[in-house]
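Read the structure below first, then the notes.
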Amino acid sequence: MLEFKEEISTAVEKALNGKLKRNEIVNLMEVPPSPELGDFAFPCFKLSALMKKAPNVIAVELSKKIVLPECVEKTEPAGPYINFFITKQFIASQAIKKVLSQKEEFGRSSLGNGQKVMVEYSAPNTNKPLHLGHLRNNFLGMSVARILQANGFEVVKANLVNDRGIHICKSMLAYKLFGKGKTPESENKKSDHFVGDYYVMYNQKVKENSDLEKQAYDMLQKWEKGDKETIALWEKMTKWAVDGFKQTYKKFGTKFDTWFFESKFYDKAKPVLELGKEKGLFKENDEGALMAQLEEHGMPNKTVLRADGTSIYITNDLALTKHKFEHFKLNEAFWVVASEQDLYFKQLFKIFELVGFPWAKNCKHLSYGMVNLPSGKMKSREGTVVDADDLLAELEGLAREKIKKRDEKIGKKELGERSMAIALAAIKFHLLKVAAKKDLLFNPKESVSFEGETGPYIQYTHARAKSILRKAKDAAKPTGFKNLSSAEEQKLAKLLASFPSIVEKSLQQMSPHIICQFLIETAEAFNTFYHKHRVIQASDKVRSERLALVKATAQVLKNGLSLLDIEAIEEM
RNA sequence: GGGUCCGUAGCCUAGUGGAUAGGGCAACUGCCUUCUAAGCAGUGGGUCGGCGGUUCGAAUCCGCCCGGACCCGCCA
């Protein structure tokens, strides 16, 4: 549709004799709210101010002067607008030909020009199993990485494991005191859940015995000093946790190109700390803690090193970020982290800028809203979280029942694969379809739904299209697209043609939800078409053209789903 | 006290200046001997939190207020 817009703008420019520049005209061009009003509209308000004439008068006069380009069937002045109607066969033919020739490449671009970017996401703590919050994070990370890749960026997907700090020592302490040598194997428990149970246990026990708090802190000291016994326990429990995470990531299709461990970086910040001191940015306060002086830059000061010399979270990021940019030669780095850390990242990036790292301006925080439950906030400490593994198992079970209702004879392997694909689509789409910055209220009933604006609905639409294509078999190649002139076919073709600009918009805004909204609209348009028009039973000529439209729709749905890391299955 | 973000029908949500605010869930009415009913068509439901301002034009921009979430030097 872009080229049509260009051609129309050129025609308008000529008719205006230089009253407006061409790119101004392109920017003013709109799509009318309803298809009966045409495919493009030129509003005359700007001209009205310029020419001191009523916009509707201008619309009438100007529309007579415009020499129609080939692709335009007619123009109509409508109040202050001039509406343009693209010749119907041009719309269908342009859209379908492009999709079917470019196939999985359709929607991709080379905007990134090979630039290397890192997307860091997930960032689990080794004392708690992955929960709903991580899922939103993981899905955003995976999808953003895919959108970047589709636009010609070289993407490094990274996971930073928070495997040190006082919180880890809490679960270690509980295990040491009450674990009695049990193991995940002996308890037949997934290993990250096994570790997480001790974190919850610590938080229960500390309510009765506040001395545990001091013991945990002592343990952190011992850990930082390299105490053998403490390190051995830490290694054992960290491995349990990470092994468990890996199983969960595998089930969800969450992937990483590189793993960072906080324990390997927290003590490597010296060069950055020294640099900051030299610049006068980091100064010791009265208690001896090292503080980044940020108040004159409009934000609170930030502690970068404790008074006792031990590290905090930012100490690690100071070391790790430098390593990232230098070791991976990055052009840009993204952090997918919840909005509660907005200020933290503002401070971190400001520190990089003030220390003088040239890459400071290429650090981007992809902030997203918190996931809450109807009962309130999720708290790992209290065990009131929606566990990732449990949620997927529940969804998979529901999908399984639904598939069996439709097809009683389905094979076991097939059933397993399909139910998993559908369950994953449901949860991924549910968490991605809302704009990332919005907080999300996780309503269990809605989230397990496979109907309405859901991932399975998109998959179902794709499967329907594929089913037609399978049954049609011997499709003759269409010679033209003169028979796709119904409102339903035109609407669908226009949507397909707009996919590349949708992908570009989702890249610019780093927003997978834009893809979700597009897929919903396209699936709706296809299903409406499906109910109103027969494909296989149509006359030879019409059938071949409709089959091409169906094929193009399946391709675009698949390409779109792939940007969300959702599988487009063949049958449901 | 300060800062950031959010506020669109009973619930969830799209829409960041342009034509009657677009969907979904829930409710109700139709449609399966025709390409998969996880679908389609239809009905009802809206002071776009409030008030003021800017503009030819505001859900969208600005100001104030109300409500909610998050954050504010040694948690992550």
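Chains: A, B, ... in order of the structure tokens. Residues: from 1 per chain. Ligands: from 1, in order shown.
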
Rows by chain and residue number, range 123-205 of chain A within 8 Å of range 499-523 of chain A, shortest pair, only C-alpha atoms, as a Markdown table:
| residue | atom | partner | partner_atom | distance |
| --- | --- | --- | --- | --- |
| A:Leu140 | CA | A:Pro512 | CA | 7.2 |
| A:Ser143 | CA | A:Pro512 | CA | 6.4 |
| A:Val144 | CA | A:Met510 | CA | 6.4 |
| A:Ile147 | CA | A:Leu507 | CA | 6.2 |
| A:Leu148 | CA | A:Leu507 | CA | 6.7 |
| A:Asn151 | CA | A:Leu507 | CA | 7.8 |

**OP:** Kindly provide, as a PyMOL selection string, the residues of chain B having any atom no farther than 8 Å from an atom of chain A, counting only C-alpha atoms (C1' of nucleotides).
**Re:** chain B and resi 4-6+13-14+19+24-25+35-36+38-40+56+69-74+76

**OP:** Give the answer as one residue: which of B:U8, B:U60, B:U55, B:U43 has the shortest atom-to-atom distance to C28 in chain B, using only C-alpha atoms (C1' of nucleotides)?
**Re:**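 Smallest distance to C28 in chain B is found for B:U43.
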
Subject >> Contact residues around Thr384 in chain A with only C-alpha atoms (C1' of nucleotides) at 12 Å, ignoring same-chain residues under 3 positions, as a list in words >> reply: Lys128, His131, Leu132, Val200, Asn372, Leu373, Pro374, Ser375, Gly376, Lys377, Met378, Lys379, Ser380, Arg381 and Asp387 of chain A

Next, write the just-selected residues to a file, as a PDB file, in the first residue's frame, keeping N, CA and C atoms as the atom set.
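Just written: result-v2.pdb:
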ATOM      1  N   LYS A 128      14.589 -18.780  43.845  1.00  0.00           N
ATOM      2  CA  LYS A 128      13.158 -18.964  43.586  1.00  0.00           C
ATOM      3  C   LYS A 128      12.896 -19.460  42.168  1.00  0.00           C
ATOM      4  N   HIS A 131       8.435 -17.719  37.841  1.00  0.00           N
ATOM      5  CA  HIS A 131       6.991 -17.517  38.004  1.00  0.00           C
ATOM      6  C   HIS A 131       6.467 -16.633  36.886  1.00  0.00           C
ATOM      7  N   LEU A 132       5.206 -16.269  37.024  1.00  0.00           N
ATOM      8  CA  LEU A 132       4.512 -15.485  36.016  1.00  0.00           C
ATOM      9  C   LEU A 132       5.263 -14.207  35.610  1.00  0.00           C
ATOM     10  N   VAL A 200      11.365 -20.065  51.128  1.00  0.00           N
ATOM     11  CA  VAL A 200      10.088 -19.821  51.806  1.00  0.00           C
ATOM     12  C   VAL A 200      10.213 -20.223  53.276  1.00  0.00           C
ATOM     13  N   ASN A 372       0.230  -8.604  38.384  1.00  0.00           N
ATOM     14  CA  ASN A 372      -0.423  -8.786  39.680  1.00  0.00           C
ATOM     15  C   ASN A 372      -1.538  -9.815  39.588  1.00  0.00           C
ATOM     16  N   LEU A 373      -1.876 -10.368  40.724  1.00  0.00           N
ATOM     17  CA  LEU A 373      -2.976 -11.325  40.788  1.00  0.00           C
ATOM     18  C   LEU A 373      -4.200 -10.627  41.383  1.00  0.00           C
ATOM     19  N   PRO A 374      -5.384 -11.181  41.129  1.00  0.00           N
ATOM     20  CA  PRO A 374      -6.576 -10.583  41.737  1.00  0.00           C
ATOM     21  C   PRO A 374      -6.413 -10.455  43.253  1.00  0.00           C
ATOM     22  N   SER A 375      -5.648 -11.364  43.853  1.00  0.00           N
ATOM     23  CA  SER A 375      -5.439 -11.314  45.299  1.00  0.00           C
ATOM     24  C   SER A 375      -4.354 -10.315  45.688  1.00  0.00           C
ATOM     25  N   GLY A 376      -3.732  -9.675  44.708  1.00  0.00           N
ATOM     26  CA  GLY A 376      -2.697  -8.689  45.020  1.00  0.00           C
ATOM     27  C   GLY A 376      -1.366  -9.041  44.409  1.00  0.00           C
ATOM     28  N   LYS A 377      -0.308  -8.496  45.006  1.00  0.00           N
ATOM     29  CA  LYS A 377       1.025  -8.682  44.472  1.00  0.00           C
ATOM     30  C   LYS A 377       1.539 -10.101  44.717  1.00  0.00           C
ATOM     31  N   MET A 378       2.328 -10.602  43.768  1.00  0.00           N
ATOM     32  CA  MET A 378       2.955 -11.907  43.979  1.00  0.00           C
ATOM     33  C   MET A 378       4.183 -11.733  44.873  1.00  0.00           C
ATOM     34  N   LYS A 379       4.348 -12.653  45.816  1.00  0.00           N
ATOM     35  CA  LYS A 379       5.533 -12.572  46.683  1.00  0.00           C
ATOM     36  C   LYS A 379       6.184 -13.948  46.811  1.00  0.00           C
ATOM     37  N   SER A 380       7.381 -14.067  46.242  1.00  0.00           N
ATOM     38  CA  SER A 380       8.106 -15.330  46.328  1.00  0.00           C
ATOM     39  C   SER A 380       8.341 -15.728  47.781  1.00  0.00           C
ATOM     40  N   ARG A 381       8.682 -14.703  48.557  1.00  0.00           N
ATOM     41  CA  ARG A 381       8.985 -14.917  49.971  1.00  0.00           C
ATOM     42  C   ARG A 381       7.872 -15.680  50.664  1.00  0.00           C
ATOM     43  N   ASP A 387       3.285 -20.230  39.650  1.00  0.00           N
ATOM     44  CA  ASP A 387       4.500 -20.902  39.210  1.00  0.00           C
ATOM     45  C   ASP A 387       4.434 -21.211  37.713  1.00  0.00           C
TER      46      ASP A 387
END

Original post:
Could you state the separation of C1' of G57 in chain B and CA of Cys44 in chain A in Å, given to one decimal place?
Top reply: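 Result for C1' of G57 in chain B versus CA of Cys44 in chain A: 12.2 Å, one decimal.
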
**OP:** Write out as a PyMOL selection string all residues of range 311-383 of chain A that DSSP puts in strand (DSSP E or B) for this structure's backbone.
**Re:** chain A and resi 332-338+363-368+371-373+376-377+379

Original post:
Cys169 in chain A: which residues within 10 Å, counting only C-alpha atoms (C1' of nucleotides), same-chain residues fewer than 2 positions away excluded, as a list of chain:residue names?
Top reply: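 Returned residues: A:Asn127, A:Asp163, A:Arg164, A:Gly165, A:Ile166, A:His167, A:Ser171, A:Met172, A:Leu173, A:Ala174, A:Tyr175, A:Tyr199, A:Tyr202, A:Glu213, A:Gln215, A:Ala216, A:Tyr217, A:Asp218, A:Met219, A:Leu220, A:Gln221, A:Trp223, A:Thr230, A:Leu233, A:Trp234.
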
Could you please take those selected residues and save N, CA and C atoms as a PDB file, in the first residue's frame?
ATOM      1  N   ASN A 127      17.240 -18.458  44.184  1.00  0.00           N
ATOM      2  CA  ASN A 127      16.492 -18.968  45.340  1.00  0.00           C
ATOM      3  C   ASN A 127      14.999 -19.063  45.079  1.00  0.00           C
ATOM      4  N   ASP A 163      23.073 -15.055  41.239  1.00  0.00           N
ATOM      5  CA  ASP A 163      23.435 -16.242  42.016  1.00  0.00           C
ATOM      6  C   ASP A 163      24.268 -15.902  43.245  1.00  0.00           C
ATOM      7  N   ARG A 164      24.250 -14.649  43.648  1.00  0.00           N
ATOM      8  CA  ARG A 164      24.947 -14.297  44.887  1.00  0.00           C
ATOM      9  C   ARG A 164      24.152 -13.203  45.598  1.00  0.00           C
ATOM     10  N   GLY A 165      24.523 -13.010  46.856  1.00  0.00           N
ATOM     11  CA  GLY A 165      23.855 -11.966  47.611  1.00  0.00           C
ATOM     12  C   GLY A 165      23.168 -12.538  48.831  1.00  0.00           C
ATOM     13  N   ILE A 166      22.675 -11.650  49.633  1.00  0.00           N
ATOM     14  CA  ILE A 166      22.127 -12.060  50.920  1.00  0.00           C
ATOM     15  C   ILE A 166      20.926 -13.003  50.772  1.00  0.00           C
ATOM     16  N   HIS A 167      20.137 -12.784  49.711  1.00  0.00           N
ATOM     17  CA  HIS A 167      18.934 -13.599  49.550  1.00  0.00           C
ATOM     18  C   HIS A 167      19.272 -15.066  49.291  1.00  0.00           C
ATOM     19  N   SER A 171      18.274 -19.036  51.651  1.00  0.00           N
ATOM     20  CA  SER A 171      17.851 -20.412  51.358  1.00  0.00           C
ATOM     21  C   SER A 171      18.946 -21.409  51.731  1.00  0.00           C
ATOM     22  N   MET A 172      20.218 -20.979  51.581  1.00  0.00           N
ATOM     23  CA  MET A 172      21.319 -21.857  51.977  1.00  0.00           C
ATOM     24  C   MET A 172      21.265 -22.149  53.477  1.00  0.00           C
ATOM     25  N   LEU A 173      20.993 -21.096  54.235  1.00  0.00           N
ATOM     26  CA  LEU A 173      20.943 -21.242  55.690  1.00  0.00           C
ATOM     27  C   LEU A 173      19.809 -22.200  56.103  1.00  0.00           C
ATOM     28  N   ALA A 174      18.651 -21.997  55.499  1.00  0.00           N
ATOM     29  CA  ALA A 174      17.511 -22.855  55.836  1.00  0.00           C
ATOM     30  C   ALA A 174      17.825 -24.305  55.503  1.00  0.00           C
ATOM     31  N   TYR A 175      18.485 -24.519  54.378  1.00  0.00           N
ATOM     32  CA  TYR A 175      18.831 -25.887  53.992  1.00  0.00           C
ATOM     33  C   TYR A 175      19.826 -26.495  54.976  1.00  0.00           C
ATOM     34  N   TYR A 199      13.827 -21.239  50.671  1.00  0.00           N
ATOM     35  CA  TYR A 199      13.732 -19.783  50.771  1.00  0.00           C
ATOM     36  C   TYR A 199      12.442 -19.401  51.495  1.00  0.00           C
ATOM     37  N   TYR A 202      12.911 -20.266  55.153  1.00  0.00           N
ATOM     38  CA  TYR A 202      13.683 -19.258  55.888  1.00  0.00           C
ATOM     39  C   TYR A 202      12.774 -18.118  56.329  1.00  0.00           C
ATOM     40  N   GLU A 213      18.569 -13.877  60.762  1.00  0.00           N
ATOM     41  CA  GLU A 213      18.964 -12.776  59.888  1.00  0.00           C
ATOM     42  C   GLU A 213      20.475 -12.532  59.991  1.00  0.00           C
ATOM     43  N   GLN A 215      22.657 -14.680  61.085  1.00  0.00           N
ATOM     44  CA  GLN A 215      23.348 -15.876  60.582  1.00  0.00           C
ATOM     45  C   GLN A 215      23.472 -15.847  59.057  1.00  0.00           C
ATOM     46  N   ALA A 216      22.421 -15.359  58.387  1.00  0.00           N
ATOM     47  CA  ALA A 216      22.465 -15.274  56.928  1.00  0.00           C
ATOM     48  C   ALA A 216      23.528 -14.269  56.490  1.00  0.00           C
ATOM     49  N   TYR A 217      23.586 -13.148  57.230  1.00  0.00           N
ATOM     50  CA  TYR A 217      24.575 -12.141  56.870  1.00  0.00           C
ATOM     51  C   TYR A 217      25.990 -12.663  57.104  1.00  0.00           C
ATOM     52  N   ASP A 218      26.177 -13.414  58.184  1.00  0.00           N
ATOM     53  CA  ASP A 218      27.486 -14.032  58.443  1.00  0.00           C
ATOM     54  C   ASP A 218      27.872 -14.955  57.290  1.00  0.00           C
ATOM     55  N   MET A 219      26.868 -15.632  56.782  1.00  0.00           N
ATOM     56  CA  MET A 219      27.113 -16.567  55.697  1.00  0.00           C
ATOM     57  C   MET A 219      27.573 -15.825  54.434  1.00  0.00           C
ATOM     58  N   LEU A 220      26.965 -14.672  54.186  1.00  0.00           N
ATOM     59  CA  LEU A 220      27.376 -13.858  53.035  1.00  0.00           C
ATOM     60  C   LEU A 220      28.838 -13.447  53.178  1.00  0.00           C
ATOM     61  N   GLN A 221      29.228 -13.035  54.417  1.00  0.00           N
ATOM     62  CA  GLN A 221      30.623 -12.661  54.671  1.00  0.00           C
ATOM     63  C   GLN A 221      31.555 -13.834  54.359  1.00  0.00           C
ATOM     64  N   TRP A 223      30.970 -16.359  52.485  1.00  0.00           N
ATOM     65  CA  TRP A 223      30.939 -16.631  51.025  1.00  0.00           C
ATOM     66  C   TRP A 223      31.910 -15.703  50.309  1.00  0.00           C
ATOM     67  N   THR A 230      31.055 -23.132  52.830  1.00  0.00           N
ATOM     68  CA  THR A 230      29.967 -22.275  52.340  1.00  0.00           C
ATOM     69  C   THR A 230      29.903 -22.328  50.815  1.00  0.00           C
ATOM     70  N   LEU A 233      28.412 -25.611  49.559  1.00  0.00           N
ATOM     71  CA  LEU A 233      26.956 -25.616  49.685  1.00  0.00           C
ATOM     72  C   LEU A 233      26.317 -24.743  48.608  1.00  0.00           C
ATOM     73  N   TRP A 234      26.923 -23.562  48.427  1.00  0.00           N
ATOM     74  CA  TRP A 234      26.421 -22.608  47.427  1.00  0.00           C
ATOM     75  C   TRP A 234      26.459 -23.236  46.029  1.00  0.00           C
TER      76      TRP A 234
END

Original post:
Which residues come within 7 Å of range 45-49 of chain B, counting only C-alpha atoms (C1' of nucleotides), excluding same-chain residues fewer than 2 positions away, as a PyMOL selection string?
Top reply: chain B and resi 7-9+59

Write the selection just made, keeping C-alpha atoms (C1' of nucleotides), as a CSV table (one decimal), in the first residue's frame?
chain,number,residue,atom,x,y,z
B,7,G,C1',-6.7,5.6,34.7
B,8,U,C1',-11.1,4.1,28.0
B,9,A,C1',-18.6,0.0,29.2
B,59,A,C1',-9.1,9.9,24.6

Original post:
Skipping near chain neighbours, those fewer than 4 positions away, what residues fall within 6 Å of range 362-367 of chain A using only C-alpha atoms (C1' of nucleotides), listed as number ranges by chain?
Top reply: A: 332-339

Write a file of the just-selected residues containing N, CA and C atoms, as a CSV table (one decimal), in the first residue's frame.
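And here is the file that came out, part.csv:
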chain,number,residue,atom,x,y,z
A,332,GLU,N,24.5,-1.7,20.7
A,332,GLU,CA,23.4,-1.3,21.6
A,332,GLU,C,23.2,-2.5,22.6
A,333,ALA,N,22.7,-2.1,23.8
A,333,ALA,CA,22.3,-3.1,24.7
A,333,ALA,C,21.0,-2.8,25.3
A,334,PHE,N,20.1,-3.8,25.4
A,334,PHE,CA,18.8,-3.7,26.0
A,334,PHE,C,18.7,-4.5,27.2
A,335,TRP,N,18.0,-4.0,28.2
A,335,TRP,CA,17.7,-4.7,29.4
A,335,TRP,C,16.2,-4.8,29.5
A,336,VAL,N,15.7,-6.0,29.5
A,336,VAL,CA,14.3,-6.2,29.7
A,336,VAL,C,14.1,-6.4,31.2
A,337,VAL,N,13.6,-5.4,31.9
A,337,VAL,CA,13.5,-5.4,33.4
A,337,VAL,C,12.3,-4.7,33.8
A,338,ALA,N,11.6,-5.1,34.8
A,338,ALA,CA,10.3,-4.5,35.2
A,338,ALA,C,10.4,-3.1,35.6
A,339,SER,N,9.3,-2.4,35.5
A,339,SER,CA,9.3,-0.9,35.7
A,339,SER,C,9.7,-0.5,37.1

Original post:
In Å, how far is it from CA of Glu570 in chain A to CA of Arg400 in chain A?
Top reply: 16.2 Å

**OP:** May I ask for the distance between CA of Pro35 in chain A and CA of Ile86 in chain A, given in Å to one decimal place?
**Re:**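 Answer for the CA of Pro35 in chain A to CA of Ile86 in chain A separation: 10.9 Å.
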
Subject >> Which of range 179-213 of chain A DSSP labels alpha helix (DSSP H), written as a count of residues only >> reply: 25

Subject >> Residue contacts of Ala123 in chain A (7 Å, only C-alpha atoms (C1' of nucleotides)) excluding same-chain residues fewer than 5 positions away, as a list in words >> reply: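 In the requested format, the answer is Asn159, Leu160, Val161 and Asn162 of chain A.
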
Subject >> Among the residues A:Phe178, A:Phe84, A:Tyr121, A:Phe481, the one that comes closest to Val31 in chain A [using only C-alpha atoms] >> reply: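 Looking at the shortest contact to Val31 in chain A, the residue is A:Phe84.
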